[in-house]
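Colleague: Dropping in query-v3.cif, which is mmCIF, C-alpha atoms and all ligand atoms:
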```cif
data_protein
#
loop_
_atom_site.label_atom_id
_atom_site.label_comp_id
_atom_site.auth_asym_id
_atom_site.auth_seq_id
_atom_site.Cartn_x
_atom_site.Cartn_y
_atom_site.Cartn_z
CA MET I 1 139.04 -80.19 50.26
CA GLN I 2 141.56 -82.72 51.52
CA ASP I 3 145.08 -82.34 52.87
CA LYS I 4 147.96 -83.87 50.90
CA PRO I 5 148.05 -87.68 50.74
CA HIS I 6 149.69 -89.38 53.67
CA VAL I 7 153.31 -90.53 53.66
CA PRO I 8 153.58 -94.15 54.89
CA ARG I 9 154.82 -94.45 58.48
CA HIS I 10 156.43 -97.35 60.31
CA THR I 11 153.79 -98.39 62.84
CA LEU I 12 154.74 -99.81 66.25
CA ILE I 13 152.18 -102.32 67.50
CA PHE I 14 151.63 -102.67 71.25
CA LYS I 15 149.47 -105.67 72.12
CA ASN I 16 147.70 -105.71 75.51
CA ALA I 17 149.00 -102.22 76.13
CA LEU I 18 147.23 -101.79 79.46
CA GLU I 19 149.64 -104.26 81.06
CA ASN I 20 152.67 -102.78 79.30
CA LEU I 21 154.08 -99.68 81.03
CA GLU I 22 156.90 -99.46 78.50
CA ALA I 23 154.34 -99.22 75.67
CA LEU I 24 152.57 -96.38 77.44
CA SER I 25 155.74 -94.37 77.95
CA GLN I 26 156.84 -94.92 74.33
CA ALA I 27 153.40 -93.87 73.07
CA ALA I 28 153.45 -90.77 75.28
CA ASN I 29 156.90 -89.86 73.89
CA ILE I 30 155.54 -90.21 70.35
CA ILE I 31 152.65 -87.85 71.17
CA ARG I 32 155.02 -85.29 72.73
CA ALA I 33 157.30 -85.51 69.69
CA GLY I 34 154.43 -84.68 67.32
CA GLY I 35 153.58 -88.23 66.21
CA LEU I 36 150.29 -90.11 65.84
CA VAL I 37 149.13 -92.83 68.24
CA VAL I 38 145.99 -94.94 67.87
CA MET I 39 144.40 -95.28 71.31
CA PRO I 40 141.35 -97.21 72.45
CA THR I 41 138.46 -95.34 74.05
CA GLU I 42 135.20 -96.70 75.42
CA THR I 43 133.37 -95.48 72.29
CA VAL I 44 135.68 -96.22 69.34
CA TYR I 45 139.44 -96.23 68.72
CA GLY I 46 140.89 -92.75 68.09
CA LEU I 47 143.88 -91.49 66.11
CA GLY I 48 145.61 -89.28 68.68
CA ALA I 49 147.98 -86.32 68.47
CA ASN I 50 149.09 -83.48 70.76
CA ALA I 51 146.19 -81.01 70.60
CA MET I 52 148.49 -78.04 71.14
CA ASP I 53 150.88 -78.95 68.28
CA ASP I 54 149.54 -77.51 65.02
CA ALA I 55 151.78 -79.63 62.73
CA ALA I 56 150.84 -82.85 64.56
CA VAL I 57 147.14 -82.00 64.33
CA ARG I 58 147.44 -81.31 60.61
CA SER I 59 149.11 -84.65 60.03
CA ILE I 60 145.96 -86.36 61.35
CA PHE I 61 144.01 -84.94 58.42
CA SER I 62 146.44 -86.31 55.86
CA ALA I 63 146.76 -89.69 57.63
CA LYS I 64 142.98 -90.15 57.55
CA GLY I 65 142.26 -88.37 54.29
CA ARG I 66 139.91 -86.18 56.33
CA PRO I 67 138.39 -82.96 54.94
CA GLN I 68 140.10 -80.03 56.65
CA ASP I 69 136.89 -78.24 57.53
CA ASN I 70 135.85 -81.04 59.89
CA PRO I 71 137.03 -80.16 63.42
CA LEU I 72 138.43 -82.63 65.95
CA ILE I 73 137.55 -83.60 69.50
CA ALA I 74 140.17 -82.79 72.15
CA HIS I 75 140.43 -85.30 74.99
CA VAL I 76 141.55 -84.49 78.55
CA ALA I 77 141.93 -86.88 81.48
CA ASP I 78 140.12 -84.84 84.15
CA ILE I 79 137.33 -82.29 84.42
CA ALA I 80 139.86 -79.89 85.93
CA ASP I 81 141.72 -79.84 82.60
CA VAL I 82 138.76 -78.65 80.50
CA GLY I 83 139.93 -75.10 81.28
CA VAL I 84 143.20 -75.76 79.41
CA LEU I 85 141.16 -75.62 76.18
CA ALA I 86 137.92 -73.76 76.91
CA ALA I 87 137.84 -69.96 77.29
CA SER I 88 134.93 -70.31 79.70
CA ILE I 89 132.84 -73.16 81.08
CA PRO I 90 129.14 -72.27 81.38
CA SER I 91 127.57 -73.70 84.54
CA LEU I 92 125.30 -75.98 82.44
CA ALA I 93 128.36 -77.49 80.72
CA ALA I 94 130.13 -77.93 84.07
CA TYR I 95 127.05 -79.70 85.42
CA LEU I 96 126.84 -82.07 82.44
CA PHE I 97 130.55 -82.88 82.65
CA SER I 98 130.09 -83.65 86.34
CA ARG I 99 127.16 -85.97 85.53
CA PHE I 100 128.53 -87.83 82.50
CA SER I 101 132.31 -87.62 82.57
CA PRO I 102 134.44 -89.53 82.25
CA GLY I 103 132.35 -91.06 79.50
CA PRO I 104 130.90 -90.78 75.99
CA LEU I 105 129.85 -87.11 76.11
CA THR I 106 131.58 -84.35 74.09
CA ILE I 107 130.74 -80.70 74.78
CA VAL I 108 131.47 -77.88 72.31
CA LEU I 109 132.69 -74.73 74.11
CA GLN I 110 134.33 -71.41 73.18
CA LYS I 111 138.01 -72.10 72.61
CA LYS I 112 141.06 -70.49 74.17
CA PRO I 113 143.35 -68.66 71.71
CA GLU I 114 146.15 -71.17 72.46
CA VAL I 115 144.17 -74.01 70.85
CA PRO I 116 145.44 -74.26 67.25
CA ASP I 117 142.91 -73.37 64.54
CA SER I 118 143.61 -76.74 62.89
CA VAL I 119 141.87 -78.48 65.83
CA CYS I 120 138.69 -76.44 65.37
CA ALA I 121 138.79 -76.04 61.56
CA GLY I 122 138.78 -72.29 62.04
CA LEU I 123 135.67 -72.23 64.31
CA ALA I 124 135.66 -70.21 67.54
CA THR I 125 134.71 -73.36 69.45
CA VAL I 126 136.44 -76.55 70.55
CA ALA I 127 134.85 -79.95 71.24
CA ILE I 128 136.04 -81.50 74.53
CA ARG I 129 135.64 -85.03 75.91
CA ILE I 130 136.93 -86.84 79.00
CA PRO I 131 137.18 -90.51 77.97
CA GLU I 132 136.59 -93.29 80.47
CA HIS I 133 138.89 -95.93 78.98
CA PRO I 134 141.85 -96.43 81.37
CA LEU I 135 144.38 -96.58 78.53
CA ALA I 136 143.19 -93.33 76.96
CA ARG I 137 143.33 -91.60 80.36
CA ALA I 138 146.76 -93.04 81.12
CA LEU I 139 148.11 -91.93 77.73
CA ILE I 140 146.79 -88.36 78.11
CA ARG I 141 148.28 -88.16 81.62
CA ALA I 142 151.63 -89.64 80.55
CA ALA I 143 151.86 -87.29 77.54
CA GLY I 144 150.95 -84.32 79.74
CA VAL I 145 148.95 -82.64 76.94
CA PRO I 146 145.35 -82.81 75.68
CA ILE I 147 145.03 -85.32 72.84
CA VAL I 148 142.91 -84.67 69.75
CA ALA I 149 141.53 -87.89 68.36
CA PRO I 150 139.11 -88.45 65.53
CA SER I 151 137.94 -92.01 65.05
CA ALA I 152 140.89 -94.08 63.80
CA ASN I 153 139.39 -94.97 60.41
CA ILE I 154 140.18 -93.84 56.91
CA SER I 155 137.81 -90.93 56.35
CA GLY I 156 134.28 -92.04 55.41
CA ARG I 157 134.71 -95.63 56.65
CA PRO I 158 133.20 -97.20 59.80
CA SER I 159 134.98 -96.35 63.07
CA PRO I 160 137.18 -99.12 64.50
CA THR I 161 135.79 -100.71 67.65
CA SER I 162 138.48 -103.37 68.12
CA PHE I 163 142.26 -103.56 67.85
CA THR I 164 141.97 -105.65 64.67
CA MET I 165 139.81 -103.04 62.98
CA ALA I 166 142.11 -100.18 64.05
CA LEU I 167 145.10 -102.09 62.68
CA ALA I 168 143.33 -102.73 59.36
CA ASP I 169 142.86 -98.98 58.72
CA MET I 170 145.83 -97.39 60.50
CA ASP I 171 148.81 -99.70 59.90
CA GLY I 172 151.26 -97.50 57.98
CA ARG I 173 149.34 -94.30 58.81
CA ALA I 174 150.01 -93.99 62.58
CA ASP I 175 153.33 -94.19 64.45
CA ALA I 176 151.91 -96.58 67.05
CA ILE I 177 148.76 -98.55 67.78
CA LEU I 178 147.78 -99.43 71.35
CA ASP I 179 145.67 -102.56 71.78
CA GLY I 180 143.09 -101.93 74.51
CA GLY I 181 140.56 -104.60 73.63
CA ASP I 182 137.02 -104.11 72.33
CA CYS I 183 135.18 -100.83 72.80
CA LYS I 184 132.39 -100.85 75.37
CA HIS I 185 129.89 -98.64 73.51
CA GLY I 186 130.86 -99.16 69.86
CA LEU I 187 129.42 -95.84 68.57
CA GLU I 188 131.09 -92.42 68.72
CA SER I 189 130.35 -90.08 71.63
CA THR I 190 127.30 -87.85 71.93
CA VAL I 191 128.29 -84.33 70.80
CA ILE I 192 126.40 -81.40 72.31
CA ALA I 193 126.68 -77.63 72.17
CA VAL I 194 125.63 -75.51 75.13
CA GLU I 195 124.23 -72.08 74.34
CA GLY I 196 122.69 -70.18 77.27
CA ASP I 197 120.07 -72.49 78.75
CA THR I 198 119.76 -74.55 75.58
CA LEU I 199 121.53 -77.78 74.84
CA ARG I 200 121.77 -78.87 71.21
CA ILE I 201 122.50 -82.47 70.33
CA LEU I 202 124.82 -82.34 67.30
CA ARG I 203 125.51 -86.09 67.18
CA PRO I 204 123.54 -88.70 69.16
CA GLY I 205 125.50 -91.30 71.14
CA ALA I 206 125.47 -93.49 74.25
CA VAL I 207 124.62 -90.51 76.46
CA THR I 208 121.05 -90.37 75.15
CA SER I 209 118.70 -87.39 75.05
CA GLU I 210 116.59 -89.20 77.66
CA MET I 211 119.62 -89.39 79.99
CA LEU I 212 120.40 -85.72 79.41
CA ARG I 213 116.75 -84.78 80.09
CA GLU I 214 116.75 -86.79 83.32
CA ALA I 215 119.95 -85.11 84.49
CA LEU I 216 118.47 -81.66 83.81
CA LEU I 217 115.27 -82.52 85.66
CA GLU I 218 117.26 -83.64 88.68
CA SER I 219 118.77 -80.19 89.06
CA ASP I 220 116.87 -77.17 90.42
CA LEU I 221 119.19 -74.90 88.46
CA PHE I 222 118.83 -76.58 85.05
CA LYS I 223 115.43 -78.29 85.03
CA ALA I 224 113.97 -75.59 82.76
CA CYS I 225 116.76 -75.94 80.17
CA LEU I 226 115.80 -76.96 76.64
CA ILE I 227 117.16 -79.88 74.61
CA LEU I 228 117.16 -79.41 70.84
CA ASP I 229 117.97 -82.21 68.44
CA ALA I 230 120.10 -80.63 65.73
CA THR I 231 120.55 -83.96 63.94
CA SER I 232 117.04 -83.72 62.46
CA GLU I 233 118.12 -80.47 60.77
CA GLU I 234 121.38 -81.87 59.50
CA ASN I 235 120.36 -82.10 55.88
CA HIS I 236 119.58 -78.41 55.78
CA LYS I 237 122.35 -76.68 57.69
CA PRO I 238 124.91 -78.87 59.39
CA SER I 239 125.64 -77.41 62.84
CA SER I 240 128.46 -79.89 63.34
CA PRO I 241 130.67 -79.72 60.24
CA GLY I 242 131.30 -83.46 60.29
CA MET I 243 127.65 -84.31 59.82
CA LYS I 244 127.57 -83.24 56.16
CA TYR I 245 130.07 -85.84 54.90
CA ALA I 246 129.61 -89.48 53.92
CA HIS I 247 130.28 -91.48 57.04
CA TYR I 248 130.53 -94.92 58.57
CA GLN I 249 130.37 -96.62 55.16
CA PRO I 250 131.66 -100.15 54.61
CA LYS I 251 132.68 -101.28 51.10
CA ALA I 252 129.36 -103.09 50.62
CA GLN I 253 126.24 -101.02 49.92
CA VAL I 254 124.08 -100.77 53.03
CA TYR I 255 120.28 -100.93 52.96
CA ILE I 256 117.92 -100.60 55.92
CA ALA I 257 114.98 -103.01 56.14
CA GLN I 258 112.10 -102.87 58.57
CA ARG I 259 111.92 -106.66 58.64
CA ILE I 260 114.39 -109.23 57.41
CA ASP I 261 112.48 -111.43 55.01
CA GLN I 262 115.05 -113.64 53.31
CA ASP I 263 112.82 -114.60 50.37
CA SER I 264 112.04 -111.05 49.32
CA ILE I 265 115.67 -110.02 49.84
CA THR I 266 116.71 -112.80 47.47
CA ASP I 267 114.32 -111.38 44.88
CA ILE I 268 115.59 -107.83 45.29
CA PHE I 269 119.28 -108.76 45.03
CA PRO I 270 119.57 -111.73 42.68
CA HIS I 271 123.15 -112.94 42.05
CA LYS I 272 124.54 -110.77 44.88
CA LYS I 273 126.41 -111.84 47.98
CA VAL I 274 124.20 -110.49 50.74
CA GLY I 275 125.07 -109.83 54.39
CA LEU I 276 122.18 -109.66 56.83
CA ILE I 277 122.24 -107.99 60.23
CA VAL I 278 119.30 -109.32 62.20
CA LEU I 279 118.11 -107.78 65.46
CA GLY I 280 117.11 -110.40 68.03
CA ASP I 281 114.42 -109.92 70.65
CA GLY I 282 116.86 -109.51 73.55
CA SER I 283 116.39 -113.06 74.81
CA SER I 284 119.83 -114.31 73.77
CA GLN I 285 122.78 -112.55 75.41
CA GLY I 286 126.15 -111.24 74.41
CA ARG I 287 128.00 -112.67 71.49
CA LEU I 288 127.52 -112.03 67.84
CA GLU I 289 125.74 -115.06 66.49
CA LYS I 290 126.31 -116.30 62.98
CA THR I 291 122.98 -117.64 61.81
CA ALA I 292 122.24 -119.76 58.74
CA PRO I 293 123.06 -117.63 55.69
CA PRO I 294 120.27 -117.06 53.19
CA TYR I 295 122.29 -118.27 50.21
CA PRO I 296 125.08 -120.81 49.89
CA ASP I 297 127.50 -118.53 48.02
CA GLY I 298 129.50 -116.80 50.74
CA SER I 299 126.66 -114.71 52.09
CA LEU I 300 126.65 -114.01 55.80
CA ALA I 301 123.96 -113.49 58.42
CA LEU I 302 124.76 -112.04 61.84
CA ARG I 303 122.33 -111.73 64.72
CA VAL I 304 122.69 -109.16 67.49
CA ALA I 305 120.80 -109.79 70.71
CA SER I 306 119.47 -106.32 71.54
CA ARG I 307 119.68 -102.67 70.47
CA THR I 308 122.57 -102.05 72.87
CA GLU I 309 124.43 -104.99 71.37
CA TYR I 310 123.54 -103.75 67.88
CA ALA I 311 125.11 -100.36 68.69
CA ARG I 312 128.19 -102.00 70.20
CA LEU I 313 128.67 -104.40 67.29
CA LEU I 314 127.39 -102.45 64.25
CA TYR I 315 130.83 -101.47 62.93
CA ARG I 316 132.22 -104.91 63.76
CA CYS I 317 129.43 -106.43 61.66
CA PHE I 318 130.35 -104.08 58.79
CA HIS I 319 133.99 -105.12 59.12
CA LEU I 320 133.14 -108.84 59.10
CA MET I 321 130.87 -108.36 56.10
CA ASP I 322 133.59 -106.53 54.16
CA GLU I 323 136.05 -109.30 55.05
CA ALA I 324 133.56 -111.86 53.76
CA GLY I 325 133.34 -109.85 50.53
CA VAL I 326 129.58 -109.32 50.50
CA ASP I 327 128.17 -106.89 47.90
CA VAL I 328 125.16 -105.72 49.84
CA ILE I 329 124.40 -105.42 53.57
CA VAL I 330 120.78 -105.43 54.67
CA ALA I 331 120.55 -104.15 58.25
CA GLN I 332 117.39 -104.42 60.28
CA GLU I 333 115.86 -101.18 61.44
CA ALA I 334 115.80 -100.60 65.22
CA GLU I 335 113.31 -98.62 67.21
CA GLN I 336 114.22 -94.97 67.84
CA GLY I 337 114.67 -93.67 71.39
CA GLY I 338 117.47 -94.41 73.84
CA ILE I 339 120.49 -95.90 72.12
CA GLY I 340 118.25 -96.61 69.10
CA THR I 341 118.48 -92.94 68.11
CA ALA I 342 122.28 -93.04 67.77
CA LEU I 343 122.18 -96.45 66.12
CA MET I 344 119.67 -95.36 63.48
CA ASN I 345 121.59 -92.09 62.91
CA ARG I 346 124.70 -94.13 61.97
CA LEU I 347 122.70 -96.62 59.92
CA ARG I 348 121.01 -93.82 57.96
CA LYS I 349 124.40 -92.34 57.13
CA ALA I 350 125.99 -95.68 56.34
CA SER I 351 123.13 -96.42 53.95
CA SER I 352 122.85 -92.86 52.58
CA GLY I 353 119.16 -93.34 53.39
CA ARG I 354 118.68 -96.43 51.15
CA LYS I 355 115.78 -98.63 52.27
CA ILE I 356 114.14 -101.76 51.01
O1 LIG S 401 133.68 -91.11 70.50
C1 LIG S 401 134.24 -90.20 69.88
O2 LIG S 401 133.82 -89.04 69.89
C2 LIG S 401 135.51 -90.57 69.09
C3 LIG S 401 136.57 -90.99 70.12
C4 LIG S 401 137.90 -91.27 69.50
O3 LIG S 401 136.67 -90.01 71.11
N1 LIG S 401 135.93 -89.50 68.27
C5 LIG S 401 135.24 -89.12 67.17
O4 LIG S 401 135.83 -88.09 66.47
O5 LIG S 401 134.20 -89.64 66.83
P1 LIG S 401 135.41 -87.70 65.00
O6 LIG S 401 136.45 -86.73 64.57
O7 LIG S 401 135.25 -88.91 64.18
O8 LIG S 401 134.06 -86.91 65.17
C6 LIG S 401 134.05 -85.62 65.76
C7 LIG S 401 132.70 -84.97 65.57
C8 LIG S 401 132.51 -84.55 64.12
O9 LIG S 401 131.15 -84.76 63.76
C9 LIG S 401 132.84 -83.04 64.19
O10 LIG S 401 132.22 -82.29 63.17
C10 LIG S 401 132.29 -82.67 65.56
O11 LIG S 401 132.63 -83.79 66.37
N2 LIG S 401 132.97 -81.47 66.10
C11 LIG S 401 134.25 -81.34 66.49
N3 LIG S 401 134.51 -80.08 66.87
C12 LIG S 401 133.36 -79.38 66.73
C13 LIG S 401 132.99 -78.02 66.94
N4 LIG S 401 133.86 -77.14 67.39
N5 LIG S 401 131.71 -77.66 66.68
C14 LIG S 401 130.81 -78.58 66.24
N6 LIG S 401 131.10 -79.88 66.00
C15 LIG S 401 132.36 -80.28 66.25
MG MG S 402 134.72 -90.25 62.72
#
```
Could you quickly redo this structure as structure tokens?
Ligand code: TXA
Ligand code: MG
Modeller:
Amino acid sequence: MQDKPHVPRHTLIFKNALENLEALSQAANIIRAGGLVVMPTETVYGLGANAMDDAAVRSIFSAKGRPQDNPLIAHVADIADVGVLAASIPSLAAYLFSRFSPGPLTIVLQKKPEVPDSVCAGLATVAIRIPEHPLARALIRAAGVPIVAPSANISGRPSPTSFTMALADMDGRADAILDGGDCKHGLESTVIAVEGDTLRILRPGAVTSEMLREALLESDLFKACLILDATSEENHKPSSPGMKYAHYQPKAQVYIAQRIDQDSITDIFPHKKVGLIVLGDGSSQGRLEKTAPPYPDGSLALRVASRTEYARLLYRCFHLMDEAGVDVIVAQEAEQGGIGTALMNRLRKASSGRKI
């Protein structure tokens, strides 16, 4: 079920917003007045609204075309503000916030009655994150309210990880867009639920299960706690409502390949414009390299240097491929474990499990 279609909005664009105090105060006013502001975070760009304003929260669903039974993450600037939203903070959750916040970790807790049902899609819980990006923190502080922010993409599409990508999806749908540069992690936050002495990973992210395990082992109080990976059960009974929908999908059809063998790919997709995402061996650093395309007809090949770079640049690659008008994207499989688990989770969803 989807909310009514969005009404076009006039979108204010604030370039280099971190150096622009006027932009920040205008954006904060928009949030307080019930409007929608696209803000950068260290994971992906988010489409923000006042978490305590039911009408503003609802307008996010129509702006994105998001199913109404998919709850939102509420962002606060400081650990001390988690209590504004959560009815109680179990000691395990408090410990994990202290270890990983600010940063890409979202914890699902019992909600306070004041949190509108629209935030939580009618659940008794609310997902809370303390972002690290200075602009997100500054906006939350200036607005003086928690900010709910789903990824700032049209529902089902890849999350924006740069200002250009956010603009492409949200121009005309948000009241303002803050440019805060490229996102450091490039994949959405790790979402966990804490139940007694068990921690369930609902969505893998840059805070990996290995990092969570290490943090638990370092604490006398929590070293016996269990970590369950709920994402392996997601096809049966989604524990995080969002995990049941199509997600992260570019216009081109995505396929996962264990190895990129250009000759066999040519045979499989004759007459198609193909985009390849090739995983390097970690020896070359940093930038996204355009390598020689397999065919002369507008196909594109991009090489990422390592799994971390792959995670950071995956959605950017999708965006570039869509801009180039490719029909098919063949993305190289990455090893599971560490950031590879989150990366492959997104790739599986983007490809709906298609493999060659
Ligand atoms: O990195 C991120 O988390 C980004 C940035 C903007 O913070 N936000 C983001 O939001 O990815 P969104 O709406 O695209 O994804 C939120 C995820 C969905 O899978 C949703 O189902 C889950 O969090 N979620 C939210 N509230 C929940 C709850 N109460 N119980 C279980 N899952 C919840
Ligand atoms: Mg999203």
Colleague: Determine, using only C-alpha atoms and all ligand atoms, which residues of chain I have any atom at most 6 Å from an atom of ligand LIG 401 (chain S), and tabulate each with its shortest atom pair and distance in Å to one decimal place, rows ordered by chain and then rising number, as JSON lines.
Modeller:
```
{"residue": "I:Thr43", "atom": "CA", "partner": "S:LIG401", "partner_atom": "O1", "distance": 4.7}
{"residue": "I:Val44", "atom": "CA", "partner": "S:LIG401", "partner_atom": "C3", "distance": 5.4}
{"residue": "I:Tyr45", "atom": "CA", "partner": "S:LIG401", "partner_atom": "C4", "distance": 5.3}
{"residue": "I:Gly46", "atom": "CA", "partner": "S:LIG401", "partner_atom": "C4", "distance": 3.6}
{"residue": "I:Asn70", "atom": "CA", "partner": "S:LIG401", "partner_atom": "O10", "distance": 5.0}
{"residue": "I:Pro71", "atom": "CA", "partner": "S:LIG401", "partner_atom": "N3", "distance": 4.3}
{"residue": "I:Leu72", "atom": "CA", "partner": "S:LIG401", "partner_atom": "C11", "distance": 4.4}
{"residue": "I:Ile73", "atom": "CA", "partner": "S:LIG401", "partner_atom": "C11", "distance": 5.0}
{"residue": "I:Val108", "atom": "CA", "partner": "S:LIG401", "partner_atom": "N4", "distance": 5.5}
{"residue": "I:Cys120", "atom": "CA", "partner": "S:LIG401", "partner_atom": "N4", "distance": 5.3}
{"residue": "I:Thr125", "atom": "CA", "partner": "S:LIG401", "partner_atom": "N4", "distance": 4.4}
{"residue": "I:Val126", "atom": "CA", "partner": "S:LIG401", "partner_atom": "N4", "distance": 4.1}
{"residue": "I:Ala127", "atom": "CA", "partner": "S:LIG401", "partner_atom": "N3", "distance": 4.4}
{"residue": "I:Ala149", "atom": "CA", "partner": "S:LIG401", "partner_atom": "C4", "distance": 5.1}
{"residue": "I:Pro150", "atom": "CA", "partner": "S:LIG401", "partner_atom": "O6", "distance": 3.3}
{"residue": "I:Ser151", "atom": "CA", "partner": "S:LIG401", "partner_atom": "O7", "distance": 4.2}
{"residue": "I:Glu188", "atom": "CA", "partner": "S:LIG401", "partner_atom": "O1", "distance": 3.4}
{"residue": "I:Ser189", "atom": "CA", "partner": "S:LIG401", "partner_atom": "O1", "distance": 3.7}
{"residue": "I:Ser240", "atom": "CA", "partner": "S:LIG401", "partner_atom": "N6", "distance": 3.7}
{"residue": "I:Pro241", "atom": "CA", "partner": "S:LIG401", "partner_atom": "O10", "distance": 4.2}
{"residue": "I:Gly242", "atom": "CA", "partner": "S:LIG401", "partner_atom": "O10", "distance": 3.2}
{"residue": "I:Met243", "atom": "CA", "partner": "S:LIG401", "partner_atom": "O9", "distance": 5.3}
```
Colleague: Can you work out the spacing between CA of Val304 in chain I and CA of Asp281 in chain I in Å, to one decimal?
Modeller: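 Separation between CA of Val304 in chain I and CA of Asp281 in chain I: 8.9 Å.
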Colleague: Counting only C-alpha atoms, what is within 12 Å of Ala86 in chain I, bar same-chain residues fewer than 4 positions away, as a compact mmCIF listing (two decimals) with C-alpha atoms, in the frame of the given file?
Modeller:
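The resulting file, result15.txt, is reproduced below:
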```
# COMPACT_ATOMS: atom_id res chain seq x y z
CA ALA I 74 140.17 -82.79 72.15
CA HIS I 75 140.43 -85.30 74.99
CA VAL I 76 141.55 -84.49 78.55
CA ILE I 79 137.33 -82.29 84.42
CA ALA I 80 139.86 -79.89 85.93
CA ASP I 81 141.72 -79.84 82.60
CA VAL I 82 138.76 -78.65 80.50
CA PRO I 90 129.14 -72.27 81.38
CA ALA I 93 128.36 -77.49 80.72
CA ALA I 94 130.13 -77.93 84.07
CA ILE I 107 130.74 -80.70 74.78
CA VAL I 108 131.47 -77.88 72.31
CA LEU I 109 132.69 -74.73 74.11
CA GLN I 110 134.33 -71.41 73.18
CA LYS I 111 138.01 -72.10 72.61
CA LYS I 112 141.06 -70.49 74.17
CA PRO I 113 143.35 -68.66 71.71
CA GLU I 114 146.15 -71.17 72.46
CA VAL I 115 144.17 -74.01 70.85
CA CYS I 120 138.69 -76.44 65.37
CA ALA I 124 135.66 -70.21 67.54
CA THR I 125 134.71 -73.36 69.45
CA VAL I 126 136.44 -76.55 70.55
CA ALA I 127 134.85 -79.95 71.24
CA ILE I 128 136.04 -81.50 74.53
CA ARG I 129 135.64 -85.03 75.91
CA PRO I 146 145.35 -82.81 75.68
```
Colleague: Measuring between all atoms listed in the file, which one of I:Lys355, I:Lys272, I:Arg58, I:Lys349 shows the shortest distance to ligand MG 402 (chain S)?
Modeller: I:Lys349
Colleague: To one decimal place, how far is CA of Ile268 in chain I from CA of Asp327 in chain I in Å?
Modeller: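 Atom-to-atom, CA of Ile268 in chain I to CA of Asp327 in chain I, that is 12.9 Å.
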Colleague: My list of candidates is I:Ala77, I:Leu21, I:Met165, I:Ile154. Which is closest to ligand MG 402 (chain S) when distances are computed with only C-alpha atoms and all ligand atoms?
Modeller: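 Among I:Ala77, I:Leu21, I:Met165, I:Ile154, it is I:Ile154 that comes nearest to ligand MG 402 (chain S).
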Colleague: Would you mind reading off the distance between CA of Thr198 in chain I and CA of Leu85 in chain I, one decimal, in Å?
Modeller: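 Those two atoms sit 21.4 Å apart.
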Colleague: Around all the atoms of range 180-186 of chain I listed in the file, with 6 Å of room on each side, what axis-aligned box do you get, giving centre and edge lengths in Å to one decimal, as lines of an AutoDock Vina configuration file?
Modeller:
```
center_x = 136.5
center_y = -101.6
center_z = 72.6
size_x = 25.2
size_y = 18.0
size_z = 17.5
```
Colleague: Just want the 8 Å neighbourhood of range 277-279 of chain I, counted on all atoms listed in the file, with same-chain residues fewer than 6 positions away dropped. Output as a ChimeraX atom specification.
Modeller: /I:260,301-307,310,317,329-332,334
Colleague: Return the single residue from I:Gly338, I:Ser162, I:Leu199, I:Arg157 that is closest to ligand MG 402 (chain S), with distances computed using all atoms listed in the file.
Modeller: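 Checking each of I:Gly338, I:Ser162, I:Leu199, I:Arg157 against ligand MG 402 (chain S), counting all atoms listed in the file, the winner is I:Arg157.
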Colleague: Of the candidates I:His133, I:Arg354, I:Arg203, I:Arg173, which one gets nearest to Gly35 in chain I if we count all atoms listed in the file?
Modeller: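 When distances to Gly35 in chain I are compared using all atoms listed in the file, the smallest one comes from I:Arg173.
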